[in-house]
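*Asks:* This is the structure I want to talk about, given as structure tokens.
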Amino acid sequence: LWSFQISAGHFPRACASSKNLMAKECCPPWMGDGSPCGQLSGRGSCQDILLSNAPSGPQFPFKGVDDRELWPSVFYNRTCQCSGNFMGFNCGNCKFGFGGPNCTEKRLSIRRNIYDLSVSEKNRFFSYLTLSKHTISPDYVIPTATYGQMNNGSTPMFNDISIYDLFVWMHYYVSRDTLLGGSEIWRDIDFAHEAPGFLPWHRLFLLLWEQEIQELTGDENFTIPYWDWRDAESCDICTDDYLGGHHPENPNLLSPASFFSSWQIICSRSEEYNSRQVLCDGTPEGPLLRNPGNHDKAKTPRLPSSADVEFCLSLTQYETGSMDRNSNFSFRNTLEGFASPLTGIADSSQSSMHNALHIYMNGTMSQVQGSANDPIFLLHHAFVDSIFEQWLRRHRPLLEAYPEANAPIGHNRDSYMVPFIPLYRNGDFFISSKNLGYDYSYLQESDAGFYRNYIEPYLDQASQIWPWL
């Protein structure tokens with residue numbers, strides 16, 4: 001495993017020492033030549049981090065109380081800046097969409113409907129999930145305390161964690177409440193939800209998770225399958241052949257015949273962490289919970305329809321107004337599920353679209369911070385990302401359509417996304433998936449239809465006119 005240089009994650013092991021934390025530098029050597037950031041091979045160099053000074057919105061009234069503010073400057077102010085198509089915390093990987101020893105080979109991978117996978121492909125996916133759940137991340141560790149609790153870096157406090165749980169932890173960490181000391185907390189903060197960064201953040205999250213599995217298994221063609229939940233009347237993937245059926249004696253548990261019935265979840269006890277003013281440390285907290293359909297139907301009366309998706313896609317503005325859960329006619333807010341997919345008006349009494357699926361699962365998926373424990377999370381967010389991709393292709397927005405300033409903290413265009421090292425900006429993922437090296441099978445089909453219906457007739461006309469010209 002050490003022959004790979006995996007590029008996802010949070011705190012590289014090589015940067016978790018008191019020396020690195022006190023120096024505020026994370027520029028590990030690339031194993032290929034032994035130099036920091038692969039500088040001797042022209043891969044990158046160790047540089048000061050340039051933070052955006054664009055103002056944030058008023059939702060978070062504090063300054064200097066949360067390690068995630070102005071990410072990652074509380075921990076590091078120098079990291080690897082990679083050149084060309086190189087990427088990673090030590091520039092040892094290729095940018096998304098590139099491969100080969102020098103990262104010069106363009107690649108396009110296809111995410112497919114889980115129902116289009118053969119039995120062997122489906123079972124391979126589940127075995128990869130299980131392997132990642134039981135393999136300690138070779139390159140990353142998680143902090144078990146805040147920077148202040150580590151005595152400003154002089155007393156490092158980190159734990160090992162499995163590759164799958166690393167991503168669960170990241171989703172917890174990005175959405176956790178702010179610990180203000182004593183018994184005080186601040187809940188109205190989230191660096192990956194309820195604001196413009198929701199779609200770019202989860203896009204990067206899936207790409208990095210996909211890359212981790214490719215590195216772990218050596219299967220460079222692996223992609224996350226998606227679950228097309230449009231017009232679903234129930235959780236049709238909640239069977240033992242897929243993501244797990246009901247336990248015969250306890251409807252909140254998965255069937256013993258499921259691949260995932262023995263999984264232990266982490267980071268699901270936010271109130272306990274808040275009361276103790278501590279971070280989730282990755283300790284197992286019990287079995288995966290799921291009871292689809294037995295949720296609050298007053299808040300989420302139904303799953304999203306094809307018409308709901310089409311309405312979202314018709315909205316021309318990515319973000320509007322306060323750029324949070326109260327935004328009206330915002331594509332992001334409507335797709336996320338805080339605005340009605342019938343009107344585009346924000347409605348705090350209802351959870352629709354993306355949110356509806358989380359609520360509907362009525363268990364681990366329904367708690368924001370711990371929701372990534374359930375592997376349905378991956379299939380669900382892959383389909384949400386495909387809707388985002390449809391919107392980008394339909395409206396072809398300029399980068400300026402993503403707000404530069406005054407979004408909730410961490411969500412401005414040039415803000416670095418918490419808690420990723422290496423660093424990525426929100427705006428970096430406000431581009432077509434094809435430019436990031438992947439596509440969706442059902443969008444390829446629609447592209448072919450567009451060509452057949454709109455482009456071919458013009459080519460036919462041109463071929464007839466050309467001899468005359």
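Following the order of the structure tokens, chains are lettered A, B, ..., residues in each are numbered from 1, and ligands are numbered from 1.
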Quick one: residues within 12 Å of A:Cys82, only C-alpha atoms, excluding same-chain residues fewer than 5 positions away - as a ChimeraX atom specification?
*Replies:* /A:7,27,30,36-39,41-47,87-95,422-424
*Asks:* So that I can see what lies close to A:Ala16, please list as a list in words the residues with an atom at most 10 Å from it, counting only C-alpha atoms and leaving out residues fewer than 3 positions away in the same chain.
*Replies:*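 Close residues of A:Ala16: Phe11, Pro12, Arg13, Lys19, Asn20, Leu21, Cys26, Phe75, Tyr140, Val141, Ile142, Pro143, Gly153, Pro156, Met157 and Phe158 of chain A.
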*Asks:* Name the residues of stretch 117-178 of chain A that come out as strand (DSSP E) in a backbone DSSP run; write them as a ChimeraX atom specification.
*Replies:* /A:140-143,158-159,178
*Asks:* Let's see if you can do this: from backbone DSSP, list all helix (DSSP H, G or I) residues in stretch 56-130 of chain A, as number ranges by chain.
*Replies:* A: 114-116, 119-130
*Asks:* Check which residues of stretch 269-343 of chain A sit at most 7 Å from stretch 186-198 of chain A using only C-alpha atoms, and return one row each with the closest pair of atoms and their distance in Å to one decimal, ordered by chain and rising number, as a tab-separated table.
*Replies:*
```
residue	atom	partner	partner_atom	distance
A:Glu319	CA	A:Pro196	CA	6.5
A:Met323	CA	A:Ala195	CA	5.6
A:Asp324	CA	A:Ala195	CA	4.6
A:Arg325	CA	A:Glu194	CA	5.2
A:Arg332	CA	A:Pro196	CA	6.6
```
*Asks:* At a cut-off of 12 Å, using only C-alpha atoms, what residues contact A:Leu398? Leave out same-chain residues fewer than 6 positions from it and give the result as a short mmCIF file (atom, residue, chain, number, x, y, z; two decimals) with N, CA and C atoms, in the first residue's frame.
*Replies:*
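Listed below is the output, around27.cif:
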```
data_model
loop_
_atom_site.label_atom_id
_atom_site.label_comp_id
_atom_site.auth_asym_id
_atom_site.auth_seq_id
_atom_site.Cartn_x
_atom_site.Cartn_y
_atom_site.Cartn_z
N GLN A 317 -31.00 30.28 -11.94
CA GLN A 317 -30.00 30.84 -11.02
C GLN A 317 -29.47 29.74 -10.09
N TYR A 318 -28.15 29.64 -10.02
CA TYR A 318 -27.56 28.65 -9.12
C TYR A 318 -27.86 29.02 -7.67
N LEU A 392 -25.65 21.99 -15.14
CA LEU A 392 -24.46 22.65 -15.69
C LEU A 392 -24.45 22.57 -17.22
N GLY A 427 -15.08 26.73 -6.18
CA GLY A 427 -15.25 27.03 -7.60
C GLY A 427 -14.59 26.05 -8.53
N PHE A 430 -17.21 23.65 -9.97
CA PHE A 430 -18.39 24.24 -10.62
C PHE A 430 -18.18 24.15 -12.14
N ILE A 431 -17.80 22.96 -12.59
CA ILE A 431 -17.51 22.70 -14.00
C ILE A 431 -18.09 21.35 -14.36
N SER A 432 -18.18 21.08 -15.65
CA SER A 432 -18.75 19.82 -16.11
C SER A 432 -17.94 18.64 -15.61
#
```
*Asks:* Write out as a PyMOL selection string which residues come within 9 Å of A:Asn406 when counting only C-alpha atoms, dropping same-chain ones fewer than 6 positions away.
*Replies:* chain A and resi 54-58+322-323+412
*Asks:* For A:Tyr438, find every residue with an atom within 7 Å (counting only C-alpha atoms), except residues of its own chain fewer than 2 positions away, and show them as a list in words.
*Replies:* Leu108, Ser109, Ile110, Ser433, Lys434 and Leu436 of chain A
*Asks:* For stretch 225-232 of chain A, work out the shell of residues within 6 Å, counting only C-alpha atoms and skipping chain neighbours fewer than 5 positions away, then give it as a list in words.
*Replies:*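 Non-adjacent residues within range: Arg111, Arg112, Asn113, Ile114, Pro304, Ser305, Ser306, Leu379, His380, Ala382 and Phe383 of chain A.
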*Asks:* Limited to all heavy atoms, could you put the picked residues into a file as a compact mmCIF listing (two decimals), in the first residue's frame?
*Replies:*
```txt
# COMPACT_ATOMS: atom_id res chain seq x y z
N ARG A 111 -20.10 6.44 -14.51
CA ARG A 111 -20.90 5.97 -13.38
C ARG A 111 -22.21 5.41 -13.92
O ARG A 111 -22.89 6.08 -14.70
CB ARG A 111 -21.16 7.11 -12.39
CG ARG A 111 -19.90 7.57 -11.67
CD ARG A 111 -20.18 8.69 -10.68
NE ARG A 111 -18.94 9.14 -10.05
CZ ARG A 111 -18.83 10.26 -9.33
NH1 ARG A 111 -19.89 11.03 -9.16
NH2 ARG A 111 -17.68 10.60 -8.78
N ARG A 112 -22.55 4.20 -13.48
CA ARG A 112 -23.71 3.49 -14.05
C ARG A 112 -24.79 3.27 -13.01
O ARG A 112 -24.54 3.25 -11.80
CB ARG A 112 -23.25 2.14 -14.60
CG ARG A 112 -22.23 2.25 -15.72
CD ARG A 112 -21.42 0.98 -15.88
NE ARG A 112 -22.27 -0.17 -16.17
CZ ARG A 112 -21.91 -1.43 -15.97
NH1 ARG A 112 -20.72 -1.71 -15.48
NH2 ARG A 112 -22.74 -2.41 -16.27
N ASN A 113 -26.01 3.09 -13.50
CA ASN A 113 -27.14 2.73 -12.63
C ASN A 113 -26.84 1.41 -11.95
O ASN A 113 -26.40 0.45 -12.60
CB ASN A 113 -28.41 2.62 -13.49
CG ASN A 113 -29.67 2.50 -12.66
OD1 ASN A 113 -29.73 1.79 -11.67
ND2 ASN A 113 -30.71 3.20 -13.09
N ILE A 114 -27.09 1.32 -10.65
CA ILE A 114 -26.76 0.08 -9.94
C ILE A 114 -27.53 -1.10 -10.51
O ILE A 114 -27.05 -2.24 -10.46
CB ILE A 114 -27.02 0.22 -8.41
CG1 ILE A 114 -26.41 -0.99 -7.68
CG2 ILE A 114 -28.50 0.41 -8.11
CD1 ILE A 114 -26.28 -0.82 -6.20
N PRO A 304 -39.05 12.15 -4.37
CA PRO A 304 -39.07 13.07 -5.51
C PRO A 304 -39.54 12.40 -6.80
O PRO A 304 -39.28 11.22 -7.05
CB PRO A 304 -37.61 13.52 -5.64
CG PRO A 304 -36.99 13.21 -4.32
CD PRO A 304 -37.70 12.00 -3.79
N SER A 305 -40.21 13.19 -7.62
CA SER A 305 -40.72 12.72 -8.91
C SER A 305 -39.84 13.23 -10.05
O SER A 305 -39.01 14.14 -9.87
CB SER A 305 -42.15 13.20 -9.12
OG SER A 305 -42.17 14.62 -9.27
N SER A 306 -40.06 12.69 -11.23
CA SER A 306 -39.37 13.20 -12.43
C SER A 306 -39.72 14.66 -12.66
O SER A 306 -38.86 15.46 -13.07
CB SER A 306 -39.77 12.37 -13.65
OG SER A 306 -39.37 11.03 -13.50
N LEU A 379 -24.69 6.10 -3.27
CA LEU A 379 -25.55 5.95 -4.45
C LEU A 379 -26.50 7.13 -4.59
O LEU A 379 -26.77 7.59 -5.71
CB LEU A 379 -26.34 4.64 -4.36
CG LEU A 379 -25.61 3.35 -4.72
CD1 LEU A 379 -24.59 2.98 -3.65
CD2 LEU A 379 -26.60 2.20 -4.90
N HIS A 380 -27.00 7.60 -3.47
CA HIS A 380 -27.91 8.75 -3.46
C HIS A 380 -27.19 10.01 -3.96
O HIS A 380 -27.68 10.71 -4.85
CB HIS A 380 -28.44 8.95 -2.04
CG HIS A 380 -29.18 10.23 -1.82
ND1 HIS A 380 -30.09 10.73 -2.73
CD2 HIS A 380 -29.16 11.11 -0.78
CE1 HIS A 380 -30.60 11.87 -2.27
NE2 HIS A 380 -30.04 12.12 -1.09
N ALA A 382 -24.48 10.24 -5.69
CA ALA A 382 -24.07 10.12 -7.09
C ALA A 382 -25.21 10.59 -8.00
O ALA A 382 -24.98 11.28 -9.00
CB ALA A 382 -23.66 8.69 -7.42
N PHE A 383 -26.46 10.23 -7.64
CA PHE A 383 -27.57 10.67 -8.48
C PHE A 383 -27.83 12.17 -8.33
O PHE A 383 -28.13 12.86 -9.31
CB PHE A 383 -28.84 9.88 -8.17
CG PHE A 383 -29.92 10.09 -9.21
CD1 PHE A 383 -29.73 9.67 -10.52
CD2 PHE A 383 -31.10 10.74 -8.90
CE1 PHE A 383 -30.70 9.89 -11.50
CE2 PHE A 383 -32.07 10.96 -9.86
CZ PHE A 383 -31.88 10.53 -11.17
```
*Asks:* List the spatial neighbours of A:Trp169 as a ChimeraX atom specification - criterion: any atom at most 12 Å away, only C-alpha atoms, same-chain residues fewer than 5 positions off excluded.
*Replies:* /A:9-11,140-144,159-164,174-176,205,265-268,279-284,368-373,418-420
*Asks:* Let me make sure I understand: among A:Gly245, A:Gly64, A:Pro403, A:Pro256, which one has the smallest atom-to-atom distance to A:Thr178 if we use only C-alpha atoms?
*Replies:*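 Once distances to A:Thr178 are computed over only C-alpha atoms, the minimum belongs to A:Gly64.
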*Asks:* Would you please work out which residue, of A:Leu378, A:Leu166, A:Cys235, A:Ala14, is nearest to A:Leu207 when using only C-alpha atoms?
*Replies:*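 Of all the options, A:Leu378 lies closest to A:Leu207.
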